[in-house]
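Raw contents of target-v3.cif, mmCIF, C-alpha atoms, pLDDT in the B column; chains and numbers go by the auth columns:
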data_start
#
loop_
_atom_site.group_PDB
_atom_site.id
_atom_site.type_symbol
_atom_site.label_atom_id
_atom_site.label_comp_id
_atom_site.label_asym_id
_atom_site.label_seq_id
_atom_site.Cartn_x
_atom_site.Cartn_y
_atom_site.Cartn_z
_atom_site.B_iso_or_equiv
_atom_site.auth_seq_id
_atom_site.auth_asym_id
ATOM 1 C CA MET A 1 119.305 97.199 161.144 89.00 1 A
ATOM 2 C CA PRO A 2 115.777 96.328 159.925 93.00 2 A
ATOM 3 C CA PHE A 3 115.691 98.885 157.100 96.00 3 A
ATOM 4 C CA ILE A 4 112.407 99.733 155.370 96.00 4 A
ATOM 5 C CA SER A 5 112.467 99.684 151.577 92.00 5 A
ATOM 6 C CA ARG A 6 109.873 99.359 148.839 89.00 6 A
ATOM 7 C CA PRO A 7 107.339 97.876 148.573 92.00 7 A
ATOM 8 C CA PHE A 8 105.604 100.017 151.191 93.00 8 A
ATOM 9 C CA CYS A 9 102.397 102.030 151.453 94.00 9 A
ATOM 10 C CA GLU A 10 102.993 105.289 149.607 94.00 10 A
ATOM 11 C CA ARG A 11 100.949 107.209 152.177 95.00 11 A
ATOM 12 C CA THR A 12 101.975 105.748 155.524 94.00 12 A
ATOM 13 C CA GLY A 13 105.316 104.157 154.648 94.00 13 A
ATOM 14 C CA SER A 14 104.247 100.862 156.222 92.00 14 A
ATOM 15 C CA PRO A 15 106.095 97.990 154.485 92.00 15 A
ATOM 16 C CA PHE A 16 104.445 95.256 152.440 89.00 16 A
ATOM 17 C CA GLY A 17 105.602 91.650 152.382 78.00 17 A
ATOM 18 C CA VAL A 18 104.989 91.224 148.642 76.00 18 A
ATOM 19 C CA ASP A 19 105.421 93.611 145.719 73.00 19 A
ATOM 20 C CA ILE A 20 102.357 93.421 143.467 70.00 20 A
ATOM 21 C CA GLY A 21 103.445 96.378 141.361 69.00 21 A
ATOM 22 C CA GLY A 22 102.029 99.850 140.872 70.00 22 A
ATOM 23 C CA THR A 23 101.349 102.436 143.547 77.00 23 A
ATOM 24 C CA LEU A 24 100.621 100.563 146.771 87.00 24 A
ATOM 25 C CA LEU A 25 98.270 101.764 149.480 91.00 25 A
ATOM 26 C CA SER A 26 97.673 99.848 152.691 90.00 26 A
ATOM 27 C CA PRO A 27 94.109 98.942 153.746 90.00 27 A
ATOM 28 C CA ALA A 28 94.512 101.299 156.708 88.00 28 A
ATOM 29 C CA ALA A 29 95.459 104.235 154.445 92.00 29 A
ATOM 30 C CA ILE A 30 92.452 103.564 152.221 93.00 30 A
ATOM 31 C CA ALA A 31 89.950 103.083 155.055 93.00 31 A
ATOM 32 C CA ASP A 32 91.248 105.957 157.220 92.00 32 A
ATOM 33 C CA PRO A 33 93.517 108.267 155.155 95.00 33 A
ATOM 34 C CA PRO A 34 96.058 110.137 157.287 96.00 34 A
ATOM 35 C CA VAL A 35 96.030 113.918 157.608 96.00 35 A
ATOM 36 C CA PHE A 36 99.654 114.100 156.450 97.00 36 A
ATOM 37 C CA ALA A 37 100.447 113.438 152.783 97.00 37 A
ATOM 38 C CA ARG A 38 103.263 110.878 153.098 97.00 38 A
ATOM 39 C CA ALA A 39 105.338 109.261 155.833 97.00 39 A
ATOM 40 C CA ARG A 40 108.724 107.590 155.570 98.00 40 A
ATOM 41 C CA ALA A 41 111.064 105.973 158.115 98.00 41 A
ATOM 42 C CA VAL A 42 114.537 104.510 158.037 98.00 42 A
ATOM 43 C CA ALA A 43 113.809 101.233 159.803 97.00 43 A
ATOM 44 C CA LEU A 44 111.375 99.187 161.834 97.00 44 A
ATOM 45 C CA HIS A 45 111.378 99.965 165.545 96.00 45 A
ATOM 46 C CA ARG A 46 113.327 96.907 166.629 95.00 46 A
ATOM 47 C CA GLY A 47 116.876 95.624 166.913 95.00 47 A
ATOM 48 C CA ALA A 48 119.720 98.065 166.357 96.00 48 A
ATOM 49 C CA ALA A 49 117.364 100.819 165.159 97.00 49 A
ATOM 50 C CA GLN A 50 115.333 100.707 168.372 96.00 50 A
ATOM 51 C CA GLU A 51 118.523 100.665 170.419 96.00 51 A
ATOM 52 C CA MET A 52 119.783 103.820 168.678 96.00 52 A
ATOM 53 C CA VAL A 53 116.511 105.615 169.400 95.00 53 A
ATOM 54 C CA HIS A 54 116.615 104.599 173.070 94.00 54 A
ATOM 55 C CA LYS A 55 120.247 105.647 173.468 95.00 55 A
ATOM 56 C CA LEU A 56 119.522 109.045 171.944 92.00 56 A
ATOM 57 C CA LYS A 57 116.275 109.560 173.843 89.00 57 A
ATOM 58 C CA TYR A 58 117.109 108.194 177.281 87.00 58 A
ATOM 59 C CA GLY A 59 120.885 107.856 177.283 85.00 59 A
ATOM 60 C CA ASP A 60 121.711 111.413 176.173 84.00 60 A
ATOM 61 C CA ARG A 61 123.739 110.018 173.260 89.00 61 A
ATOM 62 C CA GLN A 62 123.188 113.053 171.046 90.00 62 A
ATOM 63 C CA GLU A 63 126.225 112.197 168.923 94.00 63 A
ATOM 64 C CA LEU A 64 124.136 109.396 167.414 94.00 64 A
ATOM 65 C CA ALA A 65 121.992 112.035 165.703 95.00 65 A
ATOM 66 C CA LEU A 66 124.656 112.553 163.035 96.00 66 A
ATOM 67 C CA ALA A 67 124.427 108.981 161.725 96.00 67 A
ATOM 68 C CA MET A 68 120.677 108.802 162.291 97.00 68 A
ATOM 69 C CA ALA A 69 120.068 111.990 160.317 98.00 69 A
ATOM 70 C CA ARG A 70 122.193 110.723 157.424 98.00 70 A
ATOM 71 C CA LEU A 71 120.050 107.603 157.231 98.00 71 A
ATOM 72 C CA MET A 72 116.910 109.739 157.426 98.00 72 A
ATOM 73 C CA ALA A 73 118.173 111.916 154.572 98.00 73 A
ATOM 74 C CA SER A 74 118.477 108.812 152.419 97.00 74 A
ATOM 75 C CA ALA A 75 115.169 107.222 153.431 97.00 75 A
ATOM 76 C CA GLY A 76 113.293 110.502 153.068 97.00 76 A
ATOM 77 C CA ALA A 77 115.022 111.822 149.952 97.00 77 A
ATOM 78 C CA GLU A 78 111.797 112.229 147.988 97.00 78 A
ATOM 79 C CA LEU A 79 110.147 114.086 150.863 98.00 79 A
ATOM 80 C CA ILE A 80 113.159 116.327 151.408 98.00 80 A
ATOM 81 C CA MET A 81 113.199 117.201 147.711 97.00 81 A
ATOM 82 C CA ASP A 82 109.637 118.508 148.004 97.00 82 A
ATOM 83 C CA ALA A 83 110.021 120.254 151.374 98.00 83 A
ATOM 84 C CA ASP A 84 110.465 123.952 152.080 97.00 84 A
ATOM 85 C CA VAL A 85 111.051 123.746 155.816 97.00 85 A
ATOM 86 C CA LEU A 86 111.684 121.197 158.591 98.00 86 A
ATOM 87 C CA VAL A 87 109.603 121.244 161.788 97.00 87 A
ATOM 88 C CA PRO A 88 110.308 118.862 164.696 97.00 88 A
ATOM 89 C CA VAL A 89 107.517 117.335 166.757 95.00 89 A
ATOM 90 C CA PRO A 90 107.663 119.372 169.985 93.00 90 A
ATOM 91 C CA MET A 91 107.894 118.162 173.558 87.00 91 A
ATOM 92 C CA HIS A 92 105.893 119.631 176.438 76.00 92 A
ATOM 93 C CA TRP A 93 108.008 122.034 178.493 68.00 93 A
ATOM 94 C CA THR A 94 107.708 119.905 181.652 72.00 94 A
ATOM 95 C CA ARG A 95 109.153 116.863 179.865 73.00 95 A
ATOM 96 C CA LEU A 96 111.811 119.063 178.267 65.00 96 A
ATOM 97 C CA LEU A 97 112.797 120.324 181.696 66.00 97 A
ATOM 98 C CA HIS A 98 113.187 116.754 182.927 68.00 98 A
ATOM 99 C CA ARG A 99 114.970 115.317 179.850 72.00 99 A
ATOM 100 C CA ARG A 100 116.883 118.519 178.958 76.00 100 A
ATOM 101 C CA PHE A 101 116.495 118.092 175.188 86.00 101 A
ATOM 102 C CA ASN A 102 113.951 117.112 172.567 91.00 102 A
ATOM 103 C CA GLN A 103 115.289 114.198 170.513 93.00 103 A
ATOM 104 C CA ALA A 104 113.102 115.123 167.514 95.00 104 A
ATOM 105 C CA ALA A 105 114.538 118.653 167.557 95.00 105 A
ATOM 106 C CA VAL A 106 118.089 117.279 167.756 96.00 106 A
ATOM 107 C CA LEU A 107 117.479 115.063 164.709 97.00 107 A
ATOM 108 C CA ALA A 108 115.791 117.919 162.831 97.00 108 A
ATOM 109 C CA ARG A 109 118.661 120.311 163.534 97.00 109 A
ATOM 110 C CA VAL A 110 121.307 117.887 162.280 97.00 110 A
ATOM 111 C CA LEU A 111 119.204 116.875 159.267 98.00 111 A
ATOM 112 C CA ALA A 112 118.514 120.505 158.319 98.00 112 A
ATOM 113 C CA ALA A 113 122.250 121.196 158.245 97.00 113 A
ATOM 114 C CA GLN A 114 122.903 118.091 156.153 97.00 114 A
ATOM 115 C CA VAL A 115 120.225 118.744 153.520 97.00 115 A
ATOM 116 C CA GLN A 116 120.453 122.554 153.693 97.00 116 A
ATOM 117 C CA LEU A 117 116.812 123.262 154.458 97.00 117 A
ATOM 118 C CA PRO A 118 115.464 125.873 156.892 97.00 118 A
ATOM 119 C CA LEU A 119 114.610 124.643 160.368 97.00 119 A
ATOM 120 C CA GLU A 120 111.657 126.107 162.272 95.00 120 A
ATOM 121 C CA SER A 121 111.922 124.498 165.685 92.00 121 A
ATOM 122 C CA GLU A 122 109.749 127.073 167.494 90.00 122 A
ATOM 123 C CA VAL A 123 106.731 127.052 165.175 93.00 123 A
ATOM 124 C CA LEU A 124 104.892 124.137 166.735 94.00 124 A
ATOM 125 C CA MET A 125 104.336 123.877 170.474 91.00 125 A
ATOM 126 C CA ARG A 126 102.891 121.166 172.687 89.00 126 A
ATOM 127 C CA ARG A 127 100.462 122.976 174.936 82.00 127 A
ATOM 128 C CA LYS A 128 99.088 119.909 176.712 68.00 128 A
ATOM 129 C CA ARG A 129 101.178 117.324 178.524 67.00 129 A
ATOM 130 C CA THR A 130 99.724 114.047 177.351 68.00 130 A
ATOM 131 C CA PRO A 131 100.064 110.802 179.322 59.00 131 A
ATOM 132 C CA SER A 132 102.394 108.167 177.928 59.00 132 A
ATOM 133 C CA GLN A 133 100.979 106.626 174.752 58.00 133 A
ATOM 134 C CA VAL A 134 102.980 103.405 174.844 57.00 134 A
ATOM 135 C CA ARG A 135 100.096 101.137 175.832 63.00 135 A
ATOM 136 C CA LEU A 136 97.219 103.109 174.309 65.00 136 A
ATOM 137 C CA THR A 137 95.137 101.991 171.344 65.00 137 A
ATOM 138 C CA LYS A 138 94.977 104.153 168.223 64.00 138 A
ATOM 139 C CA THR A 139 91.603 105.576 169.286 68.00 139 A
ATOM 140 C CA GLU A 140 92.901 106.343 172.775 69.00 140 A
ATOM 141 C CA ARG A 141 95.963 108.021 171.266 67.00 141 A
ATOM 142 C CA GLN A 142 93.754 110.234 169.099 64.00 142 A
ATOM 143 C CA GLN A 143 91.678 111.255 172.112 67.00 143 A
ATOM 144 C CA ASN A 144 94.833 111.773 174.151 69.00 144 A
ATOM 145 C CA LEU A 145 96.212 114.206 171.555 75.00 145 A
ATOM 146 C CA GLN A 146 93.131 116.379 171.074 75.00 146 A
ATOM 147 C CA GLY A 147 94.211 119.971 171.596 75.00 147 A
ATOM 148 C CA ALA A 148 97.798 118.930 172.318 81.00 148 A
ATOM 149 C CA PHE A 149 99.458 121.033 169.597 90.00 149 A
ATOM 150 C CA ALA A 150 99.325 124.668 168.554 92.00 150 A
ATOM 151 C CA VAL A 151 101.220 126.965 166.197 94.00 151 A
ATOM 152 C CA ARG A 152 102.746 130.009 167.837 91.00 152 A
ATOM 153 C CA GLU A 153 101.017 133.144 166.567 88.00 153 A
ATOM 154 C CA ASN A 154 104.294 134.965 165.908 88.00 154 A
ATOM 155 C CA ALA A 155 105.593 132.025 163.850 87.00 155 A
ATOM 156 C CA ARG A 156 102.728 131.472 161.415 90.00 156 A
ATOM 157 C CA LEU A 157 104.494 133.319 158.601 91.00 157 A
ATOM 158 C CA ALA A 158 107.319 130.773 158.734 92.00 158 A
ATOM 159 C CA ILE A 159 105.017 127.984 157.522 94.00 159 A
ATOM 160 C CA CYS A 160 102.228 129.813 155.701 94.00 160 A
ATOM 161 C CA GLY A 161 102.284 128.626 152.083 96.00 161 A
ATOM 162 C CA GLN A 162 105.179 126.276 152.849 97.00 162 A
ATOM 163 C CA ARG A 163 105.594 122.535 152.353 98.00 163 A
ATOM 164 C CA VAL A 164 106.466 121.234 155.808 98.00 164 A
ATOM 165 C CA LEU A 165 108.482 118.121 156.610 98.00 165 A
ATOM 166 C CA LEU A 166 107.626 117.048 160.152 98.00 166 A
ATOM 167 C CA ILE A 167 110.485 115.279 161.951 98.00 167 A
ATOM 168 C CA ASP A 168 110.191 112.723 164.761 97.00 168 A
ATOM 169 C CA ASP A 169 112.265 109.886 166.168 96.00 169 A
ATOM 170 C CA VAL A 170 109.535 107.207 166.144 95.00 170 A
ATOM 171 C CA MET A 171 106.176 106.815 164.420 94.00 171 A
ATOM 172 C CA THR A 172 103.815 104.407 166.137 89.00 172 A
ATOM 173 C CA THR A 173 100.183 104.625 165.011 87.00 173 A
ATOM 174 C CA GLY A 174 100.571 107.983 163.260 90.00 174 A
ATOM 175 C CA SER A 175 98.262 109.724 165.734 90.00 175 A
ATOM 176 C CA THR A 176 100.896 112.242 166.817 91.00 176 A
ATOM 177 C CA ALA A 177 101.848 112.989 163.202 94.00 177 A
ATOM 178 C CA ASN A 178 98.166 113.413 162.286 95.00 178 A
ATOM 179 C CA ALA A 179 97.504 115.781 165.186 93.00 179 A
ATOM 180 C CA ALA A 180 100.558 117.909 164.407 95.00 180 A
ATOM 181 C CA ALA A 181 99.879 117.910 160.655 97.00 181 A
ATOM 182 C CA ARG A 182 96.285 119.018 161.191 96.00 182 A
ATOM 183 C CA ILE A 183 97.410 122.064 163.174 96.00 183 A
ATOM 184 C CA LEU A 184 100.131 122.954 160.649 97.00 184 A
ATOM 185 C CA LEU A 185 97.669 122.756 157.743 97.00 185 A
ATOM 186 C CA ARG A 186 95.159 124.911 159.606 95.00 186 A
ATOM 187 C CA ALA A 187 97.917 127.459 160.153 95.00 187 A
ATOM 188 C CA GLY A 188 98.529 127.716 156.410 95.00 188 A
ATOM 189 C CA ALA A 189 101.027 125.016 155.472 97.00 189 A
ATOM 190 C CA THR A 190 100.248 123.736 151.973 97.00 190 A
ATOM 191 C CA ASN A 191 101.455 120.194 152.619 97.00 191 A
ATOM 192 C CA VAL A 192 102.808 118.136 155.505 98.00 192 A
ATOM 193 C CA ASP A 193 104.984 115.042 155.084 98.00 193 A
ATOM 194 C CA VAL A 194 106.484 113.077 157.972 98.00 194 A
ATOM 195 C CA LEU A 195 109.966 111.612 158.358 98.00 195 A
ATOM 196 C CA SER A 196 110.995 109.516 161.352 98.00 196 A
ATOM 197 C CA PHE A 197 113.949 107.324 162.185 98.00 197 A
ATOM 198 C CA THR A 198 111.866 104.264 163.056 97.00 198 A
ATOM 199 C CA ARG A 199 108.283 103.174 162.792 95.00 199 A
ATOM 200 C CA VAL A 200 106.311 100.592 164.715 93.00 200 A
ATOM 201 C CA VAL A 201 104.513 98.018 162.586 86.00 201 A
ATOM 202 C CA THR A 202 102.095 95.672 164.298 70.00 202 A
ATOM 203 C CA ALA A 203 100.832 92.348 163.022 53.00 203 A
ATOM 204 C CA ALA A 204 97.342 93.818 162.774 41.00 204 A
#

Represent the structure contained in this file as structure tokens.
Amino acid sequence: MPFISRPFCERTGSPFGVDIGGTLLSPAAIADPPVFARARAVALHRGAAQEMVHKLKYGDRQELALAMARLMASAGAELIMDADVLVPVPMHWTRLLHRRFNQAAVLARVLAAQVQLPLESEVLMRRKRTPSQVRLTKTERQQNLQGAFAVRENARLAICGQRVLLIDDVMTTGSTANAAARILLRAGATNVDVLSFTRVVTAA
């Protein structure tokens, strides 16, 4: 399991090869600060970690969520300590109909029970079905996600004035997390952190 541990960027959670001391920020976080406050992940999206994500997501292995959530609770301990509520990244209803469950919501539900935090799984909705982002650049992902998320009007009170911990299975470029965080902050959340099981780190 390619676990992520310090040193990493304190904003994006992207790992560094060398520890030079102090609070570390990646060049990307300095040049283009994310909308969310902090992001953390258990492991790099490769090897056994990637296999667990794929088995949960495509193999309907929902029992894996128990172990995955425990690892997320450890990796995201500092974020969980500061959070008031957990919110999973939503899936468009057409994809949900096809897959039958949202893997981010499954992880969030198990994690909420483990760390004893409220779960608001119906606050955020995906109102636009976006094409697959696997082969898109960061700029294309940002364009792809414009207008994709919304906060349900009858659920705004659940996050207004709250520190939200956004839960997902994988973080790639951070575009999805940024888009969701922006909507949550506009709806009244005071802070949005992001916790995922894996994150993709490119050589660039």

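Proximity of A:Arg199, A:Gly22, A:Leu119, A:Met1 to Glu51 in chain A, computed with all atoms listed in the file, is greatest for A:Met1.
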
- Closest to Leu64 in chain A among A:Val89, A:Ala43, A:Val106, A:Leu166, using all atoms listed in the file?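 Between A:Val89, A:Ala43, A:Val106, A:Leu166, the residue approaching Leu64 in chain A most closely is A:Val106.
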
- Between A:Ile4, A:Ile183, A:Leu25, A:Ala108, single out the one closest to Leu44 in chain A, counting only C-alpha atoms. A:Ile4

- Task: For Pro90 in chain A, please output as an NGL selection string all residues within 12 Å (counting all atoms listed in the file; exclusion window: fewer than 4 positions along the same chain).
- Result: :A and (94-96 or 101-108 or 120-129 or 148-152 or 166-169 or 176-177 or 179-180)

- Message: Applying 12 Å and all atoms listed in the file, which residues near Ala28 in chain A remain after dropping the ones on its own chain fewer than 3 positions away? List them as a VMD selection string.
- Response: chain A and resid 9 to 14 24 to 25 31 to 34 138 173 to 174 204

Output C-alpha atoms for every residue in the selection just made, as a PDB file, in the frame of the given file.
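Output saved as selection.pdb:
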ATOM      1  CA  CYS A   9     102.397 102.030 151.453  1.00 94.00           C
ATOM      2  CA  GLU A  10     102.993 105.289 149.607  1.00 94.00           C
ATOM      3  CA  ARG A  11     100.949 107.209 152.177  1.00 95.00           C
ATOM      4  CA  THR A  12     101.975 105.748 155.524  1.00 94.00           C
ATOM      5  CA  GLY A  13     105.316 104.157 154.648  1.00 94.00           C
ATOM      6  CA  SER A  14     104.247 100.862 156.222  1.00 92.00           C
ATOM      7  CA  LEU A  24     100.621 100.563 146.771  1.00 87.00           C
ATOM      8  CA  LEU A  25      98.270 101.764 149.480  1.00 91.00           C
ATOM      9  CA  ALA A  31      89.950 103.083 155.055  1.00 93.00           C
ATOM     10  CA  ASP A  32      91.248 105.957 157.220  1.00 92.00           C
ATOM     11  CA  PRO A  33      93.517 108.267 155.155  1.00 95.00           C
ATOM     12  CA  PRO A  34      96.058 110.137 157.287  1.00 96.00           C
ATOM     13  CA  LYS A 138      94.977 104.153 168.223  1.00 64.00           C
ATOM     14  CA  THR A 173     100.183 104.625 165.011  1.00 87.00           C
ATOM     15  CA  GLY A 174     100.571 107.983 163.260  1.00 90.00           C
ATOM     16  CA  ALA A 204      97.342  93.818 162.774  1.00 41.00           C
TER      17      ALA A 204
END

- Item | Option closest in space to Thr202 in chain A, from A:Thr172, A:Gln50, A:Asn154, A:Ser5 [counting all atoms listed in the file] |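 Closest candidate: A:Thr172.
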
- Message: Counting only C-alpha atoms, which residues sit no farther than 6 Å from the position (107.4, 109.1, 155.8) in the file's frame? I'd like them as a list in words.
- Response: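 In the file's frame, the residues around the point are Gly13, Arg38, Ala39, Arg40, Ala41, Val194 and Leu195 of chain A.
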
- One decimal place gives the CA of Phe36 in chain A-CA of Asn191 in chain A separation as 7.4 Å

Determine the axis-aligned bounding box of all atoms of range 21-29 of chain A present in the file, pad each side by 5 Å, and express its centre and edge lengths in Å to one decimal place as lines of an AutoDock Vina configuration file.
center_x = 98.8
center_y = 100.3
center_z = 148.8
size_x = 19.3
size_y = 17.9
size_z = 25.8

- Message: Counting only C-alpha atoms, which residues sit no farther than 12 Å from the position (123.2, 110.5, 173.2) in the file's frame? I'd like them as a ChimeraX atom specification.
- Response: /A:51-68,99-103,106-107

Restricted to C-alpha atoms, what would the selected residues look like written as an mmCIF file, keeping the file's coordinate frame?
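Generated output (result16.cif):
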data_model
loop_
_atom_site.group_PDB
_atom_site.id
_atom_site.type_symbol
_atom_site.label_atom_id
_atom_site.label_comp_id
_atom_site.auth_asym_id
_atom_site.auth_seq_id
_atom_site.Cartn_x
_atom_site.Cartn_y
_atom_site.Cartn_z
ATOM 1 C CA GLU A 51 118.523 100.665 170.419
ATOM 2 C CA MET A 52 119.783 103.820 168.678
ATOM 3 C CA VAL A 53 116.511 105.615 169.400
ATOM 4 C CA HIS A 54 116.615 104.599 173.070
ATOM 5 C CA LYS A 55 120.247 105.647 173.468
ATOM 6 C CA LEU A 56 119.522 109.045 171.944
ATOM 7 C CA LYS A 57 116.275 109.560 173.843
ATOM 8 C CA TYR A 58 117.109 108.194 177.281
ATOM 9 C CA GLY A 59 120.885 107.856 177.283
ATOM 10 C CA ASP A 60 121.711 111.413 176.173
ATOM 11 C CA ARG A 61 123.739 110.018 173.260
ATOM 12 C CA GLN A 62 123.188 113.053 171.046
ATOM 13 C CA GLU A 63 126.225 112.197 168.923
ATOM 14 C CA LEU A 64 124.136 109.396 167.414
ATOM 15 C CA ALA A 65 121.992 112.035 165.703
ATOM 16 C CA LEU A 66 124.656 112.553 163.035
ATOM 17 C CA ALA A 67 124.427 108.981 161.725
ATOM 18 C CA MET A 68 120.677 108.802 162.291
ATOM 19 C CA ARG A 99 114.970 115.317 179.850
ATOM 20 C CA ARG A 100 116.883 118.519 178.958
ATOM 21 C CA PHE A 101 116.495 118.092 175.188
ATOM 22 C CA ASN A 102 113.951 117.112 172.567
ATOM 23 C CA GLN A 103 115.289 114.198 170.513
ATOM 24 C CA VAL A 106 118.089 117.279 167.756
ATOM 25 C CA LEU A 107 117.479 115.063 164.709
#

- Nearest-residue call for Gln162 in chain A, choices A:Met72, A:Ala112, A:Leu184, A:Glu78, using only C-alpha atoms: A:Leu184

- So which one's closest to Ala69 in chain A, A:Val201, A:Leu157, A:Leu111, A:Ile30? Using only C-alpha atoms, please.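 Of all the options, A:Leu111 lies closest to Ala69 in chain A.
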